[in-house]
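Read the structure below first, then the notes.
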Amino acid sequence: MIPFVDLKAQYSGIREEVNAAIQGILDSCQFTLGSEVAAFEDEFAAYCNVQNAVGVNSGTSALHLALLAADIGPGDEVITTPFTFVATVASIYYSGATPVLVDIDPRTFNIDPEKIEAAITEKTKAIMPVHLHGLMSDMDPILAIARKHSLLVIEDAAQAHGAEYKNHRAGQMGDMACFSFYPGKNLGAYGEAGMVVTDNPEYLRKLRMLRDWGAEVKYEHVLKGYNYRMEGIQGAVLRVKLKYIEEWTESRRAAASHYDRFFAGSGLVTPYSSPDYRHVYHVYAIRVSNRELCQKSLQEQNIQNGIHYPIPVHLLPAYSDLGYKSGDFPHAELAANEVLSLPMFPEITREQCQTVAQAVKDSALAGIAKVS
């Protein structure tokens, strides 16, 4: 079998370091926040080329607190994309604000900057671009629009640890950026965890209070806060894994290059690449018009795969109250019908990539998706 991800293989390579880090937490009994979380915050901030980082209990919590730290709430609007994991839009709801969606660029699957300005109203307070699959959004025009209209930019970088746009790292370009350390992410915890990064000291102060019941001093609650603290064990594990993130990223990029070569000339649409971007390939997603047949063929050959994401947010029953309908975001809807995520993890071999690619090509001969 070729797995979609292989967390066991990753663990086997760092077993002794991880076990020692966890034992250190058991010995210190710093189970919530503590010195390991604080050290990881400093190290991850440096990795993102920013001044500050605030560890929380999930990527969703990171998004929620970033919005609250920016004083975004009821009556405000936040612009984002319908082609994302539901947490992006859910976090806007949690803040009390209203999500406003715009379509994607069909090449990158990320928010289309050319469609943002038309969605801005007097209620708009922020733009939340999603760096989907490990590819950063086209940030220059997004930031230009934000400056023109005095809007904040909060990067949803949950899938983009170490990704770059014009030599700027994910997390470095917006007012704040939010990361997930869900186990399957490029930098994954052994449980749930997340992070907000920022250069703004006022946001930093509010984020730290909001994650810990709104208090800087115990029992002195300044803000209406939350129990969003990062666990000590997650901080310790992530410190170990952060040392390997660049090595693992380059292995992912090498695997993507193998896939690209094996798919060359097939007519299949492979992930967008450009010298302006450093794609970190959290997901290697192709487009196939006969996805169901392709998936069935891969499953029969014991090749795991996935779909990121099969239903755009505006067509999910839970978010029907947004008022959008089928056809409102044609590029997002077409992508949702065609994307197919192939096995991608640092330890995947060239031979495994070749096997996967050949299986896909064999099953995709009868219909290839073209970017419209």
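Simple scheme: letters A, B, ... for chains in structure tokens order, numbers from 1 for residues in each chain, numbers from 1 for ligands in the order shown.
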Per residue of stretch 26-89 of chain A within 10 Å of stretch 237-240 of chain A, which atom pair is closest and at what distance in Å (one decimal), using only C-alpha atoms, listed by chain and increasing number, as JSON lines?
{"residue": "A:Glu36", "atom": "CA", "partner": "A:Arg239", "partner_atom": "CA", "distance": 7.7}
{"residue": "A:Val37", "atom": "CA", "partner": "A:Arg239", "partner_atom": "CA", "distance": 8.4}
{"residue": "A:Ala39", "atom": "CA", "partner": "A:Arg239", "partner_atom": "CA", "distance": 7.8}
{"residue": "A:Phe40", "atom": "CA", "partner": "A:Arg239", "partner_atom": "CA", "distance": 5.4}
{"residue": "A:Glu41", "atom": "CA", "partner": "A:Arg239", "partner_atom": "CA", "distance": 9.0}
{"residue": "A:Glu43", "atom": "CA", "partner": "A:Arg239", "partner_atom": "CA", "distance": 7.8}
{"residue": "A:Phe44", "atom": "CA", "partner": "A:Arg239", "partner_atom": "CA", "distance": 8.5}
Go through stretch 273-340 of chain A residue by residue and, counting only C-alpha atoms, keep those with an atom at most 7 Å from stretch 96-107 of chain A; for each kept residue give the shortest atom pair and its distance in Å to one decimal, ordered by chain and increasing number, as CSV.
residue,atom,partner,partner_atom,distance
A:Phe329,CA,A:Asp103,CA,5.1
A:His331,CA,A:Pro106,CA,5.8
A:Ala332,CA,A:Ile104,CA,5.9
- Message: Show me, as a PyMOL selection string, the residues that have an atom within 12 Å of A:Gly306 when counting only C-alpha atoms, minus same-chain residues fewer than 2 positions from it.
- Response: chain A and resi 3-5+283-286+291-292+294-296+298-299+303-304+308-310+336+338-344
For C-alpha atoms, I'd like the residues from the last selection saved as a compact mmCIF listing (two decimals), in the first residue's frame.
# COMPACT_ATOMS: atom_id res chain seq x y z
CA PRO A 3 -0.31 5.73 2.14
CA PHE A 4 -1.63 9.23 1.70
CA VAL A 5 0.56 10.36 4.60
CA VAL A 283 -1.10 18.65 -0.66
CA TYR A 284 -0.21 17.63 -4.22
CA ALA A 285 -3.56 18.11 -5.94
CA ILE A 286 -4.17 17.44 -9.63
CA ARG A 291 -12.35 11.73 -10.46
CA GLU A 292 -14.65 9.00 -9.19
CA CYS A 294 -9.73 7.57 -10.93
CA GLN A 295 -10.24 7.22 -7.18
CA LYS A 296 -11.73 3.77 -7.61
CA LEU A 298 -6.28 3.98 -7.15
CA GLN A 299 -8.09 2.28 -4.29
CA ILE A 303 -3.00 3.77 -3.32
CA GLN A 304 -4.55 6.09 -0.79
CA HIS A 308 -9.27 18.87 -0.64
CA TYR A 309 -12.11 19.92 -0.74
CA PRO A 310 -15.17 18.16 -2.25
CA ALA A 336 -14.25 21.03 -5.93
CA GLU A 338 -12.09 17.88 -10.06
CA VAL A 339 -9.29 18.10 -7.48
CA LEU A 340 -7.65 14.86 -6.42
CA SER A 341 -4.94 14.83 -3.77
CA LEU A 342 -2.19 12.26 -4.23
CA PRO A 343 0.13 10.70 -1.63
CA MET A 344 2.55 13.32 -0.31
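Considering only C-alpha atoms, the residue among A:Ala118, A:Met209, A:Ala193, A:Val89 positioned nearest to A:Val222 is A:Met209.
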- Sel. of strand (DSSP E) residues, stretch 154-272 of chain A, as a count of residues only: 22
- Item | Sel. of alpha helix (DSSP H) residues, stretch 72-146 of chain A, as a list of chain:residue names | A:Ala87, A:Thr88, A:Val89, A:Ala90, A:Ser91, A:Ile92, A:Tyr93, A:Tyr94, A:Ser95, A:Met139, A:Asp140, A:Pro141, A:Ile142, A:Leu143, A:Ala144, A:Ile145, A:Ala146
